[in-house]
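Peer 1: run-v5.txt is reproduced in full below (compact mmCIF, N, CA and C atoms).
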```
# COMPACT_ATOMS: atom_id res chain seq x y z
N MET A 1 -147.01 -3.04 8.29
CA MET A 1 -145.69 -2.51 8.08
C MET A 1 -145.32 -1.48 9.15
N SER A 2 -146.22 -1.18 9.97
CA SER A 2 -145.94 -0.16 10.98
C SER A 2 -145.00 -0.69 12.06
N HIS A 3 -144.93 -2.01 12.28
CA HIS A 3 -144.09 -2.53 13.33
C HIS A 3 -142.61 -2.57 12.95
N ILE A 4 -142.24 -2.49 11.64
CA ILE A 4 -140.83 -2.45 11.25
C ILE A 4 -140.42 -1.09 10.70
N SER A 5 -141.25 -0.11 10.83
CA SER A 5 -140.90 1.21 10.32
C SER A 5 -139.79 1.86 11.14
N HIS A 6 -139.60 1.42 12.37
CA HIS A 6 -138.55 2.00 13.18
C HIS A 6 -137.17 1.39 12.90
N GLN A 7 -137.09 0.36 12.07
CA GLN A 7 -135.83 -0.32 11.74
C GLN A 7 -135.01 0.51 10.75
N ASP A 8 -133.70 0.48 10.92
CA ASP A 8 -132.78 1.16 10.02
C ASP A 8 -132.17 0.10 9.12
N TRP A 9 -132.54 0.10 7.85
CA TRP A 9 -132.08 -0.93 6.94
C TRP A 9 -130.94 -0.48 6.04
N ASP A 10 -130.28 0.64 6.37
CA ASP A 10 -129.15 1.11 5.58
C ASP A 10 -127.94 0.22 5.86
N PRO A 11 -127.12 -0.06 4.83
CA PRO A 11 -125.95 -0.92 5.06
C PRO A 11 -124.93 -0.21 5.96
N VAL A 12 -124.27 -1.02 6.78
CA VAL A 12 -123.24 -0.52 7.69
C VAL A 12 -121.89 -0.96 7.14
N HIS A 13 -120.94 0.00 7.02
CA HIS A 13 -119.59 -0.30 6.52
C HIS A 13 -118.61 -0.11 7.66
N ILE A 14 -117.85 -1.16 7.95
CA ILE A 14 -116.86 -1.13 9.02
C ILE A 14 -115.49 -1.18 8.38
N LYS A 15 -114.62 -0.27 8.76
CA LYS A 15 -113.26 -0.24 8.22
C LYS A 15 -112.37 -1.08 9.12
N GLY A 16 -111.48 -1.85 8.52
CA GLY A 16 -110.59 -2.71 9.30
C GLY A 16 -111.29 -3.98 9.70
N THR A 17 -110.58 -4.79 10.46
CA THR A 17 -111.15 -6.07 10.85
C THR A 17 -111.72 -6.03 12.25
N ASN A 18 -111.26 -5.12 13.08
CA ASN A 18 -111.76 -5.02 14.44
C ASN A 18 -112.72 -3.84 14.51
N PRO A 19 -114.04 -4.09 14.68
CA PRO A 19 -114.98 -2.98 14.64
C PRO A 19 -114.79 -2.00 15.80
N VAL A 20 -114.18 -2.44 16.89
CA VAL A 20 -113.98 -1.53 18.02
C VAL A 20 -112.81 -0.59 17.74
N ILE A 21 -111.70 -1.14 17.26
CA ILE A 21 -110.52 -0.33 17.01
C ILE A 21 -110.54 0.25 15.60
N GLY A 22 -110.99 -0.54 14.65
CA GLY A 22 -111.03 -0.09 13.27
C GLY A 22 -109.68 -0.16 12.59
N GLY A 23 -108.74 -0.88 13.16
CA GLY A 23 -107.40 -0.97 12.59
C GLY A 23 -107.18 -2.27 11.84
N LYS A 24 -105.97 -2.39 11.35
CA LYS A 24 -105.61 -3.61 10.64
C LYS A 24 -105.17 -4.66 11.65
N PRO A 25 -105.36 -5.93 11.30
CA PRO A 25 -104.95 -6.97 12.24
C PRO A 25 -103.43 -7.02 12.36
N LYS A 26 -102.94 -7.26 13.56
CA LYS A 26 -101.51 -7.41 13.78
C LYS A 26 -101.11 -8.84 13.46
N LYS A 27 -99.93 -8.97 12.90
CA LYS A 27 -99.44 -10.31 12.60
C LYS A 27 -99.06 -10.99 13.90
N LYS A 28 -99.51 -12.21 14.05
CA LYS A 28 -99.18 -12.98 15.25
C LYS A 28 -97.81 -13.60 15.05
N LYS A 29 -97.03 -13.56 16.10
CA LYS A 29 -95.73 -14.21 16.05
C LYS A 29 -95.94 -15.71 16.23
N TYR A 30 -95.33 -16.46 15.36
CA TYR A 30 -95.44 -17.91 15.43
C TYR A 30 -94.18 -18.45 16.07
N ILE A 31 -94.34 -19.06 17.22
CA ILE A 31 -93.21 -19.65 17.91
C ILE A 31 -93.35 -21.16 17.79
N ALA A 32 -92.41 -21.77 17.11
CA ALA A 32 -92.47 -23.21 16.89
C ALA A 32 -92.04 -23.93 18.16
N SER A 33 -92.81 -24.90 18.55
CA SER A 33 -92.46 -25.70 19.72
C SER A 33 -91.37 -26.70 19.34
N GLU A 34 -90.80 -27.30 20.35
CA GLU A 34 -89.77 -28.30 20.10
C GLU A 34 -90.32 -29.46 19.28
N GLU A 35 -91.57 -29.84 19.57
CA GLU A 35 -92.18 -30.94 18.81
C GLU A 35 -92.34 -30.56 17.34
N THR A 36 -92.75 -29.32 17.08
CA THR A 36 -92.93 -28.87 15.71
C THR A 36 -91.59 -28.85 14.98
N LYS A 37 -90.55 -28.37 15.67
CA LYS A 37 -89.23 -28.36 15.05
C LYS A 37 -88.76 -29.78 14.74
N LEU A 38 -89.01 -30.69 15.67
CA LEU A 38 -88.62 -32.08 15.48
C LEU A 38 -89.39 -32.70 14.31
N GLU A 39 -90.70 -32.42 14.24
CA GLU A 39 -91.51 -32.94 13.14
C GLU A 39 -91.03 -32.40 11.80
N ASN A 40 -90.65 -31.12 11.76
CA ASN A 40 -90.14 -30.55 10.52
C ASN A 40 -88.84 -31.20 10.10
N LYS A 41 -87.96 -31.47 11.07
CA LYS A 41 -86.70 -32.14 10.76
C LYS A 41 -86.95 -33.54 10.22
N ILE A 42 -87.92 -34.24 10.82
CA ILE A 42 -88.24 -35.59 10.35
C ILE A 42 -88.83 -35.54 8.95
N ASP A 43 -89.74 -34.58 8.71
CA ASP A 43 -90.36 -34.45 7.39
C ASP A 43 -89.33 -34.10 6.31
N ASN A 44 -88.34 -33.29 6.66
CA ASN A 44 -87.34 -32.85 5.69
C ASN A 44 -86.14 -33.79 5.62
N ASP A 45 -86.19 -34.89 6.35
CA ASP A 45 -85.10 -35.86 6.40
C ASP A 45 -83.78 -35.24 6.86
N THR A 46 -83.85 -34.28 7.77
CA THR A 46 -82.64 -33.67 8.32
C THR A 46 -82.44 -34.07 9.77
N PHE A 47 -83.28 -34.97 10.27
CA PHE A 47 -83.18 -35.39 11.66
C PHE A 47 -82.05 -36.38 11.81
N GLU A 48 -81.21 -36.15 12.82
CA GLU A 48 -80.12 -37.07 13.10
C GLU A 48 -80.15 -37.45 14.58
N LEU A 49 -79.96 -38.70 14.84
CA LEU A 49 -79.87 -39.15 16.22
C LEU A 49 -78.52 -38.72 16.78
N PRO A 50 -78.48 -38.41 18.07
CA PRO A 50 -77.18 -38.08 18.65
C PRO A 50 -76.25 -39.29 18.58
N LYS A 51 -75.01 -39.02 18.24
CA LYS A 51 -74.07 -40.11 18.08
C LYS A 51 -73.22 -40.24 19.33
N SER A 52 -73.01 -41.47 19.71
CA SER A 52 -72.22 -41.74 20.90
C SER A 52 -70.75 -41.50 20.58
N ASN A 53 -70.08 -40.91 21.51
CA ASN A 53 -68.67 -40.61 21.39
C ASN A 53 -67.89 -41.86 21.82
N ILE A 54 -66.92 -42.27 21.00
CA ILE A 54 -66.15 -43.47 21.34
C ILE A 54 -65.40 -43.25 22.64
N THR A 55 -64.93 -42.02 22.88
CA THR A 55 -64.21 -41.77 24.12
C THR A 55 -65.16 -41.91 25.32
N LEU A 56 -66.44 -41.55 25.14
CA LEU A 56 -67.42 -41.73 26.21
C LEU A 56 -67.63 -43.21 26.49
N GLN A 57 -67.76 -43.99 25.43
CA GLN A 57 -67.96 -45.44 25.59
C GLN A 57 -66.79 -46.05 26.36
N LYS A 58 -65.58 -45.71 25.94
CA LYS A 58 -64.39 -46.27 26.58
C LYS A 58 -64.25 -45.75 28.01
N ALA A 59 -64.57 -44.48 28.23
CA ALA A 59 -64.43 -43.89 29.56
C ALA A 59 -65.39 -44.55 30.55
N ILE A 60 -66.61 -44.85 30.10
CA ILE A 60 -67.57 -45.54 30.97
C ILE A 60 -67.04 -46.92 31.32
N GLN A 61 -66.57 -47.63 30.31
CA GLN A 61 -66.06 -48.99 30.53
C GLN A 61 -64.83 -48.98 31.43
N GLN A 62 -63.89 -48.07 31.17
CA GLN A 62 -62.66 -48.02 31.97
C GLN A 62 -62.96 -47.60 33.41
N GLY A 63 -63.87 -46.65 33.59
CA GLY A 63 -64.24 -46.22 34.93
C GLY A 63 -64.91 -47.34 35.71
N ARG A 64 -65.75 -48.10 35.02
CA ARG A 64 -66.44 -49.23 35.66
C ARG A 64 -65.44 -50.29 36.09
N LEU A 65 -64.48 -50.58 35.21
CA LEU A 65 -63.48 -51.59 35.53
C LEU A 65 -62.54 -51.10 36.64
N LYS A 66 -62.23 -49.81 36.64
CA LYS A 66 -61.36 -49.25 37.69
C LYS A 66 -62.03 -49.36 39.07
N GLU A 67 -63.33 -49.18 39.10
CA GLU A 67 -64.08 -49.31 40.36
C GLU A 67 -64.44 -50.77 40.66
N LYS A 68 -64.03 -51.68 39.77
CA LYS A 68 -64.28 -53.12 39.93
C LYS A 68 -65.77 -53.42 40.05
N LEU A 69 -66.53 -52.81 39.14
CA LEU A 69 -67.98 -53.03 39.10
C LEU A 69 -68.34 -53.79 37.83
N SER A 70 -69.28 -54.69 37.94
CA SER A 70 -69.82 -55.33 36.74
C SER A 70 -70.88 -54.40 36.15
N GLN A 71 -71.31 -54.71 34.94
CA GLN A 71 -72.39 -53.92 34.33
C GLN A 71 -73.65 -54.02 35.16
N VAL A 72 -73.91 -55.18 35.72
CA VAL A 72 -75.11 -55.39 36.54
C VAL A 72 -75.03 -54.55 37.81
N ALA A 73 -73.86 -54.53 38.47
CA ALA A 73 -73.70 -53.77 39.70
C ALA A 73 -73.82 -52.26 39.44
N LEU A 74 -73.23 -51.80 38.34
CA LEU A 74 -73.34 -50.39 37.99
C LEU A 74 -74.78 -50.02 37.67
N ALA A 75 -75.46 -50.90 36.96
CA ALA A 75 -76.87 -50.66 36.63
C ALA A 75 -77.72 -50.58 37.89
N GLN A 76 -77.44 -51.42 38.87
CA GLN A 76 -78.19 -51.38 40.12
C GLN A 76 -77.96 -50.08 40.87
N LYS A 77 -76.74 -49.58 40.84
CA LYS A 77 -76.45 -48.31 41.52
C LYS A 77 -77.14 -47.13 40.82
N LEU A 78 -77.36 -47.27 39.52
CA LEU A 78 -78.01 -46.21 38.74
C LEU A 78 -79.53 -46.41 38.64
N ASN A 79 -80.03 -47.52 39.20
CA ASN A 79 -81.45 -47.89 39.05
C ASN A 79 -81.84 -48.01 37.58
N MET A 80 -81.00 -48.71 36.85
CA MET A 80 -81.23 -48.93 35.42
C MET A 80 -81.09 -50.41 35.13
N LYS A 81 -81.33 -50.76 33.88
CA LYS A 81 -81.14 -52.14 33.44
C LYS A 81 -79.69 -52.35 33.04
N ALA A 82 -79.21 -53.56 33.20
CA ALA A 82 -77.84 -53.89 32.78
C ALA A 82 -77.69 -53.74 31.27
N SER A 83 -78.76 -53.98 30.54
CA SER A 83 -78.70 -53.83 29.08
C SER A 83 -78.46 -52.37 28.67
N ASP A 84 -78.93 -51.42 29.49
CA ASP A 84 -78.66 -50.01 29.19
C ASP A 84 -77.17 -49.71 29.30
N ILE A 85 -76.54 -50.22 30.35
CA ILE A 85 -75.10 -50.01 30.53
C ILE A 85 -74.34 -50.66 29.37
N ASN A 86 -74.76 -51.86 29.00
CA ASN A 86 -74.15 -52.55 27.86
C ASN A 86 -74.31 -51.72 26.59
N ASN A 87 -75.49 -51.15 26.39
CA ASN A 87 -75.72 -50.33 25.19
C ASN A 87 -74.89 -49.04 25.22
N PHE A 88 -74.70 -48.45 26.40
CA PHE A 88 -73.85 -47.26 26.52
C PHE A 88 -72.43 -47.59 26.10
N GLU A 89 -71.93 -48.72 26.59
CA GLU A 89 -70.54 -49.10 26.31
C GLU A 89 -70.35 -49.54 24.86
N ASN A 90 -71.40 -50.04 24.22
CA ASN A 90 -71.30 -50.47 22.83
C ASN A 90 -71.67 -49.37 21.84
N GLY A 91 -72.17 -48.25 22.32
CA GLY A 91 -72.53 -47.15 21.44
C GLY A 91 -73.89 -47.28 20.80
N LYS A 92 -74.69 -48.24 21.25
CA LYS A 92 -76.03 -48.41 20.69
C LYS A 92 -77.04 -47.43 21.30
N GLN A 93 -76.69 -46.89 22.45
CA GLN A 93 -77.56 -45.96 23.16
C GLN A 93 -76.70 -44.83 23.70
N VAL A 94 -77.23 -43.61 23.65
CA VAL A 94 -76.48 -42.46 24.14
C VAL A 94 -77.08 -42.02 25.47
N PRO A 95 -76.28 -41.98 26.53
CA PRO A 95 -76.82 -41.54 27.83
C PRO A 95 -77.05 -40.03 27.82
N SER A 96 -78.08 -39.60 28.54
CA SER A 96 -78.33 -38.17 28.67
C SER A 96 -77.26 -37.56 29.58
N ASN A 97 -77.17 -36.25 29.55
CA ASN A 97 -76.18 -35.58 30.40
C ASN A 97 -76.47 -35.81 31.88
N ARG A 98 -77.72 -36.00 32.23
CA ARG A 98 -78.08 -36.30 33.62
C ARG A 98 -77.50 -37.66 34.03
N ILE A 99 -77.62 -38.64 33.15
CA ILE A 99 -77.08 -39.97 33.45
C ILE A 99 -75.56 -39.92 33.48
N ILE A 100 -74.97 -39.13 32.59
CA ILE A 100 -73.50 -38.99 32.60
C ILE A 100 -73.05 -38.41 33.93
N ALA A 101 -73.78 -37.44 34.45
CA ALA A 101 -73.42 -36.84 35.75
C ALA A 101 -73.51 -37.89 36.87
N ARG A 102 -74.53 -38.72 36.82
CA ARG A 102 -74.66 -39.78 37.83
C ARG A 102 -73.53 -40.80 37.68
N LEU A 103 -73.16 -41.12 36.44
CA LEU A 103 -72.04 -42.04 36.21
C LEU A 103 -70.75 -41.46 36.75
N GLU A 104 -70.54 -40.15 36.56
CA GLU A 104 -69.32 -39.51 37.06
C GLU A 104 -69.22 -39.64 38.57
N THR A 105 -70.35 -39.50 39.25
CA THR A 105 -70.36 -39.60 40.71
C THR A 105 -70.00 -41.02 41.16
N ILE A 106 -70.62 -42.00 40.52
CA ILE A 106 -70.40 -43.39 40.92
C ILE A 106 -69.01 -43.87 40.52
N LEU A 107 -68.57 -43.50 39.30
CA LEU A 107 -67.28 -43.99 38.81
C LEU A 107 -66.11 -43.12 39.27
N LYS A 108 -66.40 -41.98 39.89
CA LYS A 108 -65.37 -41.06 40.41
C LYS A 108 -64.39 -40.66 39.33
N THR A 109 -64.93 -40.30 38.19
CA THR A 109 -64.10 -39.86 37.07
C THR A 109 -64.89 -38.85 36.24
N LYS A 110 -64.19 -38.06 35.45
CA LYS A 110 -64.83 -37.09 34.57
C LYS A 110 -65.08 -37.74 33.21
N LEU A 111 -66.32 -37.64 32.74
CA LEU A 111 -66.71 -38.23 31.46
C LEU A 111 -67.02 -37.12 30.46
N PRO A 112 -66.74 -37.36 29.17
CA PRO A 112 -67.08 -36.35 28.15
C PRO A 112 -68.61 -36.24 28.01
N ARG A 113 -69.08 -35.04 27.77
CA ARG A 113 -70.51 -34.78 27.63
C ARG A 113 -70.92 -34.80 26.17
N ILE A 114 -72.20 -35.09 25.96
CA ILE A 114 -72.78 -35.08 24.62
C ILE A 114 -73.27 -33.66 24.33
N LYS A 115 -72.89 -33.12 23.19
CA LYS A 115 -73.34 -31.77 22.82
C LYS A 115 -74.74 -31.86 22.23
N LYS A 116 -75.56 -30.86 22.55
CA LYS A 116 -76.95 -30.84 22.06
C LYS A 116 -77.01 -30.39 20.64
```
Written as structure tokens, that's how I'd like the structure from this file.
Peer 2:
Amino acid sequence: MSHISHQDWDPVHIKGTNPVIGGKPKKKKYIASEETKLENKIDNDTFELPKSNITLQKAIQQGRLKEKLSQVALAQKLNMKASDINNFENGKQVPSNRIIARLETILKTKLPRIKK
């Protein structure tokens, strides 16, 4: 027993959670990412797809016809598929604001933007 006689076996009490500081833990701020927000909307059934504006659909079609472009020719200028242009004009697909800006340049007209 002589080899453990130098040991201190008294219990040690530490106040707080951080033994160095001895304070209470700070609450961490939780910042939800866009993915988390989207997942919550899907889980709560509050998620809605952006809806195409009828004026946008008509403006794309009228601008294309004014420039005498087919859907295929417009799609080639945008480096997209012709089916995408068809879907934009039919309201089955909503173009991003970046694509709308490119359409404005090619069609030489101002198009309505989709609100986020």
Peer 1: Looking at all atoms listed in the file, which of A:Thr55, A:Lys81, A:Phe88, A:Gly63 is the one that sits closest to Thr109 (chain A)?
Peer 2: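 Using all atoms listed in the file, the shortest distance to Thr109 (chain A) belongs to A:Gly63.
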Peer 1: Mind giving me the straight-line distance from atom N of Ala82 (chain A) to atom C of Leu65 (chain A) in Å, one decimal?
Peer 2: 17.2 Å
Peer 1: When you count only C-alpha atoms, which of these residues is closest to Gln71 (chain A): A:Gln57, A:Asn86, A:Gln93, A:Ser5?
Peer 2: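 When distances to Gln71 (chain A) are compared using only C-alpha atoms, the smallest one comes from A:Asn86.
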Peer 1: At what distance in Å, to one decimal, does atom N of Lys110 (chain A) lie from CA of Ser96 (chain A)?
Peer 2: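 Computing the Euclidean distance for CA of Ser96 (chain A) and atom N of Lys110 (chain A) yields 15.7 Å.
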Peer 1: Tell me which of A:Leu107, A:Ile85, A:Ala101, A:Ile114 sits closest to Arg64 (chain A), counting only C-alpha atoms.
Peer 2: A:Leu107
Peer 1: In Å, how far is it from CA of Thr36 (chain A) to atom N of Val94 (chain A)?
Peer 2: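 These two atoms are separated by 23.0 Å.
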